[in-house]
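Take a look at the structure set out below.
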Amino acid sequence: MPILLEMKDIHKVYPNGTAANRGVHLTVHEGEIHALVGENGAGKSTLMKILFGLESPTSGTIEYKGQPINFHGPRDAIQQGMGMVHQHFMLSPSLTVSENIVLGNEPKRGPFSIFRDRAREYREVEQLVATYGLQVNLQAKVETIPVGQKQRVEILKVLYQGAKLIILDEPTAVLTPQETDELFDSIQALITEGHTIIFITHKLREVMRISNRITVLRAGKSIATLQTKDTNQEEISRLMVGREVLFRVNKVPAEPKDVVLAVRNLEALDDKGTKALNGISFDIRSGEVLGIAGVEGNGQTELVEAITGLRKATAGHIRYQGKELLEASVAEIRKMKVGIIPEDRQTSGASLTSTIAENLMLDHYRNPEFKRGIFLNKKKIKQFTQIMMQTYDVRAQNEEIMAGALSGGNLQKVVVARELSKNPKLLIASQPTRGVDIGAIEFLHREFIKRRDGGAAVMVVSAELSEVMALSDRIAVLYNGEIVALLDNTPDLTEQEIGYYMLGIKKQEQEEVR
C-alpha cells in the first residue's frame with residue numbers, strides 16, 4: 001500500500017523543558033488501520049495534536065500525500081481531508097443527530113443564500129448513513145440516544161467534513177461488547193470505502209483484532225512498528241512498558257465476612273431533576289469485590305455520589321458498618337475510613353492548583369505523625385510523599401510539582417495513593433483505570449485485590465467490562481437506574497452475557513437481584 005502519512009523525527013519540547021516527543025517516526029499506509037499504543041505520557045496525544053494542527057512541533061517534518069504540511073490549526077487539517085474523533089464526545093446535546101453532523105458546514109439553498117437547505121442536508125446525511133452502515137435516528141436529539149450511537153454521530157460528522165484519514169482516540173472506552181462489534185464493522189466499512197484509520201487505544205485485544213500495523217511509543221520515542229499478524233499482546237506490552245506484564249489478575253477465591261455497606265431501596269435524581277436511581281439495593285461484605293457494570297449514564301455516577309455524600313438521596317437507606325450515611329457530610333464519611341476514587345479525577349479527585357505533596361496530604365495533615373506542635377512537620381511530609389510517589393510510580397521531578405501539570409495517568413496514581421494510604425475499610429473506586437496505561441493498571445488491580453484480601457469491602461465501577469470481570473467476585477449490572485442482574489463471577493460468565501443485561505435485553509427477576 002502507498003504511504004499516505006509520514007511524520008519524521010518529531011520533537012516537542014514545552015517551555016518548562018518537558019519533552020513530550022523525542023524523535024518520533026510514524027508512517028501510515030493508505031487504506032490501513034494503524035494502531036498507536038503506549039503508556040500514559042508516552043507522547044501519543046501530543047503526536048496526534050501536532051498532526052491535527054492543535055500543537056506545533058519543536059522540530060521534525062510531516063508529509064501527507066507526498067507533500068510537506070505545516071498546519072496552523074484543525075481547520076487546515078480538515079481542509080486536507082483529516083478528521084479526529086475525540087475520546088470525549090464533542091456534540092451539542094440539544095441539537096438533532098442530523099444538525100450535529102452538519103454543524104459548521106450547513107448546506108445553503110444557493111451560492112449566495114443565507115438560508116439552510118434542510119432537504120439537501122437530510123439527503124446528504126442519509127446517503128452517508130446508507131454508505132457506511134452507521135445506522136442512527138437522524139431526527140433524535142443527541143441527548144436522548146445511547147453512547148454507542150453518539151460514537152457513530154461523531155464518525156458521521158468527520159465523514160461529512162470530507163475526512164479520508166480518521167483519527168479515533170480511545171473509541172471503545174464507553175462501549176459495550178456488542179457496541180464495540182458494531183463499531184468495528186463500521187471501521188471495516190470505512191476501509192472498504194477507501195479511508196485510512198489511526199486507532200489510539202489501551203486495549204491490546206482490540207489492537208490485535210482490528211489493526212494491520214502497530215506503532216509503539218515509550219517515553220516520547222517510537223520504539224517499534226509491527227505487523228499485527230506477526231506479533232502478540234505480550235510483545236506489544238513488553239515494548240510499551242519495558243518489562244513483562246501480567247494480563248490476568250491473580251487472586252484466590254474470596255472469603256467474604258460481615259456486611260460493610262448495605263444499600264436499600266435507594267433513589268436519587270440526576271442534575272436535570274429526573275430519577276437516576278430507582279430502588280437500588282445491594283450489600284458489600286468484608287473481603288469481597290462487588291463490580292458495578294453498565295453503559296455510562298445508567299446511574300453509576302449518581303450511585304457513587306449518593307454513597308459518598310456528594311448527592312442527596314430522595315429515598316432509601318445507606319448503612320456503613322451499621323451507621324446511616326444519608327445525612328452524613330463528605331468530610332464525615334471520609335473520616336470513617338472510606339476510600340473514594342472518583343470518576344472525574346480533575347474535578348473531584350484532586351486540587352490541580354496544589355502540589356503533589358499537598359494532594360497526598362489532604363487526609364493526613366491532622367495526623368500527629370505529621371505535626372510538630374502547632375506546625376506541620378515538613379520533613380515527615382516530604383518523606384511520606386516521596387515514599388508514596390515511589391510506591392505508586394508517580395512520574396514527576398519532585399513532590400512540589402503542581403498536580404495540574406501531571407498527565408492523566410500520573411494524576412490518577414496520586415489520587416489512588418492518597419486513598420489507599422489510609423487503609424480504608426470500604427474502598428469505592430469509580431473508573432479507577434480510565435486513561436491509565438497497562439503497567440499502572442496491572443499495579444492498581446493488584447492493590448485492589450490486596451485490599452480485598454486484607455478484609456476491605458471494595459466496590460469497583462468501571463466502563464471497562466473486562467476490568468469488572470477481572471476484579472469482581474460478584475457483578476451488579478445497572479440499566480436505566482435499576483440493578484437488572486446480580487451475578488456471581490463464575491468461570492462460565494461471559495462479557496456477551498453481561499452485555500445483554502447492560503443493553504436492557506435481559507433482566508433478572510426481582511428476587512434474584514436482592
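By convention in this document, the chains of the C-alpha cells carry letters A, B, ... by their order, each chain's residues are numbered from 1, and ligands are numbered from 1 in the order they are shown.
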Hey, what does DSSP flag as strand (DSSP E or B) within stretch 289-343 of chain A? Can you give it to me as a compact mmCIF listing (two decimals) with C-alpha atoms, in the first residue's frame?
# COMPACT_ATOMS: atom_id res chain seq x y z
CA VAL A 289 -15.12 -7.03 45.40
CA LEU A 290 -18.51 -6.03 44.03
CA GLY A 291 -18.28 -4.81 40.44
CA ILE A 292 -20.82 -2.39 39.00
CA ALA A 293 -21.23 -2.86 35.25
CA ALA A 315 -35.40 7.77 49.36
CA GLY A 316 -33.84 4.65 50.85
CA HIS A 317 -31.01 3.88 53.23
CA ILE A 318 -27.20 3.61 53.06
CA ARG A 319 -25.63 1.95 56.09
CA TYR A 320 -21.88 1.67 56.60
CA LYS A 323 -24.36 3.55 60.66
CA GLU A 324 -26.74 5.53 58.44
CA VAL A 338 -13.87 5.15 53.45
CA GLY A 339 -11.57 5.44 50.44
CA ILE A 340 -13.07 7.24 47.44
CA ILE A 341 -11.56 7.21 43.95
So what do you get for atom CA of A:Ala331 versus atom CA of A:Lys413, distance-wise?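 These atoms are spaced 21.7 Å apart.
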Out of A:His364, A:Arg152, A:Arg120, A:His202, which residue has the shortest atom-to-atom distance to A:Tyr132 when counting only C-alpha atoms?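 Looking at the shortest contact to A:Tyr132, the residue is A:Arg152.
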Would you write out, as JSON lines, a table of all residues in stretch 205-245 of chain A that have an atom no more than 8 Å from an atom of stretch 32-47 of chain A, listing for each the closest atom pair and the distance in Å to one decimal, considering only C-alpha atoms and ordering rows by chain and rising residue number?
{"residue": "A:Val207", "atom": "CA", "partner": "A:Ala35", "partner_atom": "CA", "distance": 6.3}
{"residue": "A:Ile210", "atom": "CA", "partner": "A:Ile33", "partner_atom": "CA", "distance": 7.2}
{"residue": "A:Ser211", "atom": "CA", "partner": "A:Ile33", "partner_atom": "CA", "distance": 4.8}
{"residue": "A:Asn212", "atom": "CA", "partner": "A:Ile33", "partner_atom": "CA", "distance": 5.4}
{"residue": "A:Arg213", "atom": "CA", "partner": "A:His34", "partner_atom": "CA", "distance": 5.1}
{"residue": "A:Ile214", "atom": "CA", "partner": "A:Ala35", "partner_atom": "CA", "distance": 4.6}
{"residue": "A:Thr215", "atom": "CA", "partner": "A:Leu36", "partner_atom": "CA", "distance": 5.1}
{"residue": "A:Val216", "atom": "CA", "partner": "A:Val37", "partner_atom": "CA", "distance": 5.1}
{"residue": "A:Leu217", "atom": "CA", "partner": "A:Gly38", "partner_atom": "CA", "distance": 4.8}
{"residue": "A:Arg218", "atom": "CA", "partner": "A:Ala42", "partner_atom": "CA", "distance": 4.8}
{"residue": "A:Ala219", "atom": "CA", "partner": "A:Ala42", "partner_atom": "CA", "distance": 4.6}
{"residue": "A:Gly220", "atom": "CA", "partner": "A:Ala42", "partner_atom": "CA", "distance": 4.8}
{"residue": "A:Lys221", "atom": "CA", "partner": "A:Ala42", "partner_atom": "CA", "distance": 7.3}
{"residue": "A:Met240", "atom": "CA", "partner": "A:Gly38", "partner_atom": "CA", "distance": 5.2}
{"residue": "A:Val241", "atom": "CA", "partner": "A:Glu39", "partner_atom": "CA", "distance": 6.9}
Got time to write the residues from that selection, C-alpha atoms, as a CSV table (one decimal), in the first residue's frame?
chain,number,residue,atom,x,y,z
A,207,VAL,CA,-5.4,-3.8,18.6
A,210,ILE,CA,-8.8,-4.7,14.2
A,211,SER,CA,-5.4,-3.3,13.2
A,212,ASN,CA,-3.0,-4.0,10.3
A,213,ARG,CA,0.1,-2.4,11.8
A,214,ILE,CA,1.1,-1.1,15.2
A,215,THR,CA,3.4,1.7,16.3
A,216,VAL,CA,4.6,1.6,19.9
A,217,LEU,CA,5.7,4.7,21.8
A,218,ARG,CA,7.6,4.7,25.1
A,219,ALA,CA,8.9,7.8,26.9
A,220,GLY,CA,8.3,10.1,23.9
A,221,LYS,CA,10.1,7.8,21.4
A,240,MET,CA,5.2,-0.4,25.8
A,241,VAL,CA,6.3,-0.9,29.4
Could you give me, as JSON, numbers by chain, the residues within 7 Å of stretch 359-362 of chain A, counting only C-alpha atoms and dropping anything in the same chain fewer than 5 positions from it? {"A": [350, 351, 354, 385, 414, 418]}
Please, could you write that set of residues out with N, CA and C atoms as a PDB file, in the first residue's frame?
ATOM      1  N   ALA A 350      -8.763  15.641  42.832  1.00  0.00           N
ATOM      2  CA  ALA A 350      -7.514  16.326  43.143  1.00  0.00           C
ATOM      3  C   ALA A 350      -7.692  17.829  43.015  1.00  0.00           C
ATOM      4  N   SER A 351      -6.796  18.551  43.686  1.00  0.00           N
ATOM      5  CA  SER A 351      -6.715  20.006  43.524  1.00  0.00           C
ATOM      6  C   SER A 351      -5.586  20.289  42.542  1.00  0.00           C
ATOM      7  N   SER A 354      -2.765  22.697  43.490  1.00  0.00           N
ATOM      8  CA  SER A 354      -1.950  22.336  44.644  1.00  0.00           C
ATOM      9  C   SER A 354      -0.860  21.364  44.208  1.00  0.00           C
ATOM     10  N   THR A 385       5.515  11.667  51.239  1.00  0.00           N
ATOM     11  CA  THR A 385       5.106  11.874  49.846  1.00  0.00           C
ATOM     12  C   THR A 385       6.089  11.224  48.874  1.00  0.00           C
ATOM     13  N   VAL A 414      -1.768   9.582  41.931  1.00  0.00           N
ATOM     14  CA  VAL A 414      -1.749  10.406  43.140  1.00  0.00           C
ATOM     15  C   VAL A 414      -3.037  10.206  43.935  1.00  0.00           C
ATOM     16  N   ARG A 418      -3.284   8.380  47.670  1.00  0.00           N
ATOM     17  CA  ARG A 418      -3.869   9.046  48.840  1.00  0.00           C
ATOM     18  C   ARG A 418      -4.969   8.199  49.469  1.00  0.00           C
TER      19      ARG A 418
END
Give me, as a Markdown table, each residue of stretch 316-355 of chain A that comes within 7 Å of stretch 389-402 of chain A, together with its shortest interatomic pair and the distance in Å at one decimal, counting only C-alpha atoms, with rows ordered by chain and rising residue number.
| residue | atom | partner | partner_atom | distance |
| --- | --- | --- | --- | --- |
| A:Leu352 | CA | A:Met402 | CA | 6.6 |
| A:Thr353 | CA | A:Met402 | CA | 6.1 |
| A:Ser354 | CA | A:Met402 | CA | 5.5 |
| A:Thr355 | CA | A:Met402 | CA | 4.1 |
Output N, CA and C atoms for every residue in that selection, as a PDB file, in the first residue's frame.
ATOM      1  N   LEU A 352      -5.938  20.720  41.337  1.00  0.00           N
ATOM      2  CA  LEU A 352      -4.942  20.887  40.277  1.00  0.00           C
ATOM      3  C   LEU A 352      -3.990  22.034  40.561  1.00  0.00           C
ATOM      4  N   THR A 353      -4.405  22.983  41.385  1.00  0.00           N
ATOM      5  CA  THR A 353      -3.552  24.135  41.697  1.00  0.00           C
ATOM      6  C   THR A 353      -2.734  23.919  42.968  1.00  0.00           C
ATOM      7  N   SER A 354      -2.765  22.697  43.490  1.00  0.00           N
ATOM      8  CA  SER A 354      -1.950  22.336  44.644  1.00  0.00           C
ATOM      9  C   SER A 354      -0.860  21.364  44.208  1.00  0.00           C
ATOM     10  N   THR A 355       0.161  21.219  45.024  1.00  0.00           N
ATOM     11  CA  THR A 355       1.276  20.335  44.680  1.00  0.00           C
ATOM     12  C   THR A 355       0.896  18.869  44.888  1.00  0.00           C
TER      13      THR A 355
END
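Distance-wise, atom CA of A:Val158 and atom CA of A:Met84 end up 7.0 Å apart.
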Contact residues around A:Leu310 with only C-alpha atoms at 12 Å, ignoring same-chain residues under 2 positions, as a list of chain:residue names: A:Ala268, A:Asp270, A:Asp271, A:Thr301, A:Glu302, A:Leu303, A:Val304, A:Glu305, A:Ala306, A:Ile307, A:Thr308, A:Lys312, A:Ala313, A:Leu325, A:Leu326, A:Glu327, A:Ala328, A:Ser329, A:Val330, A:Ala331, A:Glu332, A:Ile333, A:Arg334, A:Ile340, A:Pro342, A:Ser348
Write the selection just made, keeping N, CA and C atoms, as an mmCIF file, in the first residue's frame?
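The new file selection.cif reads:
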data_model
loop_
_atom_site.group_PDB
_atom_site.id
_atom_site.type_symbol
_atom_site.label_atom_id
_atom_site.label_comp_id
_atom_site.auth_asym_id
_atom_site.auth_seq_id
_atom_site.Cartn_x
_atom_site.Cartn_y
_atom_site.Cartn_z
ATOM 1 N N ALA A 268 -32.480 8.474 43.770
ATOM 2 C CA ALA A 268 -31.838 9.788 43.674
ATOM 3 C C ALA A 268 -32.134 10.380 42.304
ATOM 4 N N ASP A 270 -30.948 12.944 38.998
ATOM 5 C CA ASP A 270 -29.747 13.429 38.324
ATOM 6 C C ASP A 270 -29.742 14.955 38.331
ATOM 7 N N ASP A 271 -28.778 15.540 37.627
ATOM 8 C CA ASP A 271 -28.635 17.003 37.649
ATOM 9 C C ASP A 271 -29.795 17.718 36.954
ATOM 10 N N THR A 301 -22.838 7.133 38.151
ATOM 11 C CA THR A 301 -22.329 8.363 38.761
ATOM 12 C C THR A 301 -23.168 8.747 39.972
ATOM 13 N N GLU A 302 -24.477 8.716 39.813
ATOM 14 C CA GLU A 302 -25.376 9.111 40.906
ATOM 15 C C GLU A 302 -25.279 8.138 42.078
ATOM 16 N N LEU A 303 -25.070 6.851 41.792
ATOM 17 C CA LEU A 303 -24.932 5.862 42.862
ATOM 18 C C LEU A 303 -23.693 6.151 43.711
ATOM 19 N N VAL A 304 -22.574 6.374 43.067
ATOM 20 C CA VAL A 304 -21.336 6.657 43.802
ATOM 21 C C VAL A 304 -21.472 7.961 44.587
ATOM 22 N N GLU A 305 -22.049 8.974 43.954
ATOM 23 C CA GLU A 305 -22.196 10.269 44.629
ATOM 24 C C GLU A 305 -23.136 10.174 45.827
ATOM 25 N N ALA A 306 -24.179 9.367 45.719
ATOM 26 C CA ALA A 306 -25.105 9.215 46.851
ATOM 27 C C ALA A 306 -24.417 8.511 48.022
ATOM 28 N N ILE A 307 -23.620 7.486 47.731
ATOM 29 C CA ILE A 307 -22.941 6.743 48.797
ATOM 30 C C ILE A 307 -21.880 7.609 49.472
ATOM 31 N N THR A 308 -21.204 8.443 48.694
ATOM 32 C CA THR A 308 -20.075 9.225 49.233
ATOM 33 C C THR A 308 -20.468 10.612 49.718
ATOM 34 N N LYS A 312 -27.606 14.110 47.323
ATOM 35 C CA LYS A 312 -28.627 13.778 48.322
ATOM 36 C C LYS A 312 -29.605 12.760 47.743
ATOM 37 N N ALA A 313 -29.782 11.663 48.450
ATOM 38 C CA ALA A 313 -30.757 10.663 48.033
ATOM 39 C C ALA A 313 -32.169 11.149 48.351
ATOM 40 N N LEU A 325 -25.715 6.661 56.545
ATOM 41 C CA LEU A 325 -24.880 7.668 55.893
ATOM 42 C C LEU A 325 -25.666 8.766 55.183
ATOM 43 N N LEU A 326 -26.974 8.611 55.082
ATOM 44 C CA LEU A 326 -27.741 9.543 54.250
ATOM 45 C C LEU A 326 -27.575 11.000 54.672
ATOM 46 N N GLU A 327 -27.428 11.238 55.956
ATOM 47 C CA GLU A 327 -27.306 12.616 56.442
ATOM 48 C C GLU A 327 -25.857 13.014 56.714
ATOM 49 N N ALA A 328 -24.922 12.112 56.443
ATOM 50 C CA ALA A 328 -23.516 12.399 56.730
ATOM 51 C C ALA A 328 -22.922 13.289 55.637
ATOM 52 N N SER A 329 -22.015 14.165 56.023
ATOM 53 C CA SER A 329 -21.324 15.015 55.058
ATOM 54 C C SER A 329 -20.176 14.240 54.412
ATOM 55 N N VAL A 330 -19.634 14.808 53.343
ATOM 56 C CA VAL A 330 -18.486 14.186 52.682
ATOM 57 C C VAL A 330 -17.322 14.064 53.662
ATOM 58 N N ALA A 331 -17.065 15.123 54.428
ATOM 59 C CA ALA A 331 -15.961 15.112 55.385
ATOM 60 C C ALA A 331 -16.155 14.028 56.441
ATOM 61 N N GLU A 332 -17.385 13.881 56.933
ATOM 62 C CA GLU A 332 -17.665 12.853 57.943
ATOM 63 C C GLU A 332 -17.448 11.459 57.376
ATOM 64 N N ILE A 333 -17.878 11.249 56.133
ATOM 65 C CA ILE A 333 -17.708 9.938 55.502
ATOM 66 C C ILE A 333 -16.235 9.625 55.302
ATOM 67 N N ARG A 334 -15.452 10.619 54.891
ATOM 68 C CA ARG A 334 -14.027 10.391 54.659
ATOM 69 C C ARG A 334 -13.293 10.061 55.963
ATOM 70 N N ILE A 340 -12.226 6.852 48.580
ATOM 71 C CA ILE A 340 -13.071 7.241 47.440
ATOM 72 C C ILE A 340 -12.176 7.634 46.269
ATOM 73 N N PRO A 342 -12.833 8.973 42.789
ATOM 74 C CA PRO A 342 -13.949 9.446 41.949
ATOM 75 C C PRO A 342 -13.663 9.294 40.467
ATOM 76 N N SER A 348 -13.104 16.204 40.998
ATOM 77 C CA SER A 348 -13.454 15.726 42.334
ATOM 78 C C SER A 348 -12.326 15.001 43.054
#
Run DSSP on the backbone and tell me which residues of stretch 209-290 of chain A come out as helix (DSSP H, G or I); list them as a list of chain:residue names. A:Arg209, A:Ile210, A:Thr228, A:Lys229, A:Asp230, A:Gln233, A:Glu234, A:Glu235, A:Ile236, A:Ser237, A:Arg238, A:Leu239, A:Met240, A:Val241
Restricted to N, CA and C atoms, what would the selected residues look like written as a PDB file, in the first residue's frame?
ATOM      1  N   ARG A 209      -7.205  -7.395  17.164  1.00  0.00           N
ATOM      2  CA  ARG A 209      -8.390  -7.766  16.385  1.00  0.00           C
ATOM      3  C   ARG A 209      -8.606  -6.888  15.160  1.00  0.00           C
ATOM      4  N   ILE A 210      -8.314  -5.591  15.262  1.00  0.00           N
ATOM      5  CA  ILE A 210      -8.771  -4.658  14.234  1.00  0.00           C
ATOM      6  C   ILE A 210      -7.656  -4.078  13.372  1.00  0.00           C
ATOM      7  N   THR A 228       0.712  -6.540  12.669  1.00  0.00           N
ATOM      8  CA  THR A 228      -0.134  -7.148  13.692  1.00  0.00           C
ATOM      9  C   THR A 228      -0.126  -8.667  13.605  1.00  0.00           C
ATOM     10  N   LYS A 229      -0.134  -9.191  12.400  1.00  0.00           N
ATOM     11  CA  LYS A 229      -0.194 -10.643  12.224  1.00  0.00           C
ATOM     12  C   LYS A 229       1.075 -11.343  12.715  1.00  0.00           C
ATOM     13  N   ASP A 230       2.156 -10.587  12.920  1.00  0.00           N
ATOM     14  CA  ASP A 230       3.425 -11.193  13.318  1.00  0.00           C
ATOM     15  C   ASP A 230       3.763 -10.963  14.788  1.00  0.00           C
ATOM     16  N   GLN A 233      -0.001  -9.850  22.140  1.00  0.00           N
ATOM     17  CA  GLN A 233      -0.198  -8.877  23.214  1.00  0.00           C
ATOM     18  C   GLN A 233       1.014  -8.793  24.140  1.00  0.00           C
ATOM     19  N   GLU A 234       1.643  -9.935  24.397  1.00  0.00           N
ATOM     20  CA  GLU A 234       2.777  -9.944  25.312  1.00  0.00           C
ATOM     21  C   GLU A 234       3.938  -9.116  24.768  1.00  0.00           C
ATOM     22  N   GLU A 235       4.226  -9.259  23.458  1.00  0.00           N
ATOM     23  CA  GLU A 235       5.323  -8.491  22.868  1.00  0.00           C
ATOM     24  C   GLU A 235       5.010  -6.996  22.868  1.00  0.00           C
ATOM     25  N   ILE A 236       3.760  -6.655  22.523  1.00  0.00           N
ATOM     26  CA  ILE A 236       3.381  -5.233  22.478  1.00  0.00           C
ATOM     27  C   ILE A 236       3.507  -4.617  23.862  1.00  0.00           C
ATOM     28  N   SER A 237       2.977  -5.294  24.892  1.00  0.00           N
ATOM     29  CA  SER A 237       3.029  -4.744  26.253  1.00  0.00           C
ATOM     30  C   SER A 237       4.463  -4.629  26.733  1.00  0.00           C
ATOM     31  N   ARG A 238       5.311  -5.585  26.371  1.00  0.00           N
ATOM     32  CA  ARG A 238       6.715  -5.525  26.776  1.00  0.00           C
ATOM     33  C   ARG A 238       7.407  -4.312  26.151  1.00  0.00           C
ATOM     34  N   LEU A 239       7.081  -4.031  24.897  1.00  0.00           N
ATOM     35  CA  LEU A 239       7.652  -2.855  24.234  1.00  0.00           C
ATOM     36  C   LEU A 239       7.116  -1.562  24.842  1.00  0.00           C
ATOM     37  N   MET A 240       5.839  -1.557  25.225  1.00  0.00           N
ATOM     38  CA  MET A 240       5.232  -0.366  25.820  1.00  0.00           C
ATOM     39  C   MET A 240       5.824  -0.035  27.178  1.00  0.00           C
ATOM     40  N   VAL A 241       6.000  -1.067  28.003  1.00  0.00           N
ATOM     41  CA  VAL A 241       6.343  -0.861  29.403  1.00  0.00           C
ATOM     42  C   VAL A 241       7.829  -1.076  29.667  1.00  0.00           C
TER      43      VAL A 241
END
Taking only C-alpha atoms into account, name the residue in A:Lys203, A:Ile223, A:Ala130, A:Ser113 that is nearest to A:Ile438.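 Among the listed residues, the smallest separation from A:Ile438 belongs to A:Lys203.
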Once you count only C-alpha atoms, what closest atom pair and distance in Å to one decimal does each residue of stretch 243-292 of chain A within 10 Å of stretch 451-465 of chain A have, with rows by chain and rising residue number, as CSV?
residue,atom,partner,partner_atom,distance
A:Lys251,CA,A:Asp453,CA,8.8
A:Val252,CA,A:Asp453,CA,8.6
A:Pro253,CA,A:Asp453,CA,9.5
A:Ala254,CA,A:Asp453,CA,7.5
A:Glu255,CA,A:Asp453,CA,8.1
A:Pro256,CA,A:Gly455,CA,8.1
A:Lys257,CA,A:Gly455,CA,8.3
A:Asp258,CA,A:Ala457,CA,9.4
A:Val259,CA,A:Ala457,CA,8.4
A:Val260,CA,A:Ala457,CA,6.5
A:Leu261,CA,A:Ala457,CA,7.9
A:Asp283,CA,A:Ala457,CA,9.8
A:Ile284,CA,A:Ala457,CA,6.1
A:Arg285,CA,A:Ala457,CA,5.5
A:Ser286,CA,A:Ala457,CA,4.5
A:Gly287,CA,A:Gly455,CA,4.4
A:Glu288,CA,A:Ala457,CA,5.6
A:Val289,CA,A:Val458,CA,4.7
A:Leu290,CA,A:Met459,CA,4.9
A:Gly291,CA,A:Val460,CA,4.8
A:Ile292,CA,A:Val461,CA,4.7
What does the file look like for those residues with C-alpha atoms, as a compact mmCIF listing (two decimals), in the first residue's frame?
# COMPACT_ATOMS: atom_id res chain seq x y z
CA LYS A 251 -6.41 -13.86 43.10
CA VAL A 252 -7.61 -16.61 45.37
CA PRO A 253 -11.36 -17.15 45.88
CA ALA A 254 -12.92 -14.51 48.10
CA GLU A 255 -13.81 -15.26 51.70
CA PRO A 256 -16.43 -12.58 52.43
CA LYS A 257 -17.43 -11.99 56.04
CA ASP A 258 -19.61 -9.30 57.62
CA VAL A 259 -21.64 -6.79 55.62
CA VAL A 260 -19.77 -3.47 55.49
CA LEU A 261 -22.10 -1.48 53.21
CA ASP A 283 -24.70 -5.46 50.11
CA ILE A 284 -20.90 -5.40 50.03
CA ARG A 285 -19.12 -7.62 52.55
CA SER A 286 -15.69 -7.51 54.06
CA GLY A 287 -13.26 -9.43 51.86
CA GLU A 288 -15.08 -9.17 48.53
CA VAL A 289 -15.12 -7.03 45.40
CA LEU A 290 -18.51 -6.03 44.03
CA GLY A 291 -18.28 -4.81 40.44
CA ILE A 292 -20.82 -2.39 39.00
Extract, using only C-alpha atoms, all DNA, RNA and protein residues at most 10 Å from A:Leu486, discarding same-chain residues fewer than 4 positions from it, and format them as a PyMOL selection string. chain A and resi 282+290-292+474-478+507-508+512-514
How would the residues just picked look written out with N, CA and C atoms as a JSON list (two decimals), in the first residue's frame?
[["chain", "number", "residue", "atom", "x", "y", "z"],
["A", 282, "PHE", "N", -28.35, -3.48, 47.54],
["A", 282, "PHE", "CA", -27.27, -4.48, 47.48],
["A", 282, "PHE", "C", -26.46, -4.39, 48.76],
["A", 290, "LEU", "N", -17.27, -6.11, 44.79],
["A", 290, "LEU", "CA", -18.51, -6.03, 44.03],
["A", 290, "LEU", "C", -18.28, -5.11, 42.84],
["A", 291, "GLY", "N", -18.43, -5.63, 41.64],
["A", 291, "GLY", "CA", -18.28, -4.81, 40.44],
["A", 291, "GLY", "C", -19.62, -4.26, 39.99],
["A", 292, "ILE", "N", -19.62, -3.01, 39.56],
["A", 292, "ILE", "CA", -20.82, -2.39, 39.00],
["A", 292, "ILE", "C", -20.59, -2.21, 37.51],
["A", 474, "ARG", "N", -18.53, -10.63, 42.68],
["A", 474, "ARG", "CA", -19.92, -10.56, 42.22],
["A", 474, "ARG", "C", -20.06, -9.32, 41.35],
["A", 475, "ILE", "N", -21.03, -9.35, 40.42],
["A", 475, "ILE", "CA", -21.23, -8.24, 39.49],
["A", 475, "ILE", "C", -22.69, -7.82, 39.50],
["A", 476, "ALA", "N", -22.93, -6.53, 39.78],
["A", 476, "ALA", "CA", -24.27, -5.95, 39.67],
["A", 476, "ALA", "C", -24.32, -5.13, 38.39],
["A", 477, "VAL", "N", -25.34, -5.36, 37.58],
["A", 477, "VAL", "CA", -25.48, -4.66, 36.30],
["A", 477, "VAL", "C", -26.55, -3.59, 36.42],
["A", 478, "LEU", "N", -26.17, -2.35, 36.12],
["A", 478, "LEU", "CA", -27.11, -1.23, 36.18],
["A", 478, "LEU", "C", -27.65, -0.93, 34.78],
["A", 507, "LYS", "N", -33.20, -9.28, 31.83],
["A", 507, "LYS", "CA", -33.38, -8.75, 33.18],
["A", 507, "LYS", "C", -33.74, -9.90, 34.10],
["A", 508, "GLN", "N", -33.07, -9.97, 35.26],
["A", 508, "GLN", "CA", -33.40, -10.99, 36.25],
["A", 508, "GLN", "C", -34.71, -10.65, 36.96],
["A", 512, "GLU", "N", -34.04, -12.26, 42.41],
["A", 512, "GLU", "CA", -32.68, -12.68, 42.09],
["A", 512, "GLU", "C", -31.65, -11.58, 42.32],
["A", 513, "VAL", "N", -32.09, -10.33, 42.33],
["A", 513, "VAL", "CA", -31.14, -9.21, 42.46],
["A", 513, "VAL", "C", -31.12, -8.66, 43.88],
["A", 514, "ARG", "N", -31.66, -9.40, 44.81],
["A", 514, "ARG", "CA", -31.62, -8.98, 46.22],
["A", 514, "ARG", "C", -30.44, -9.63, 46.93]]
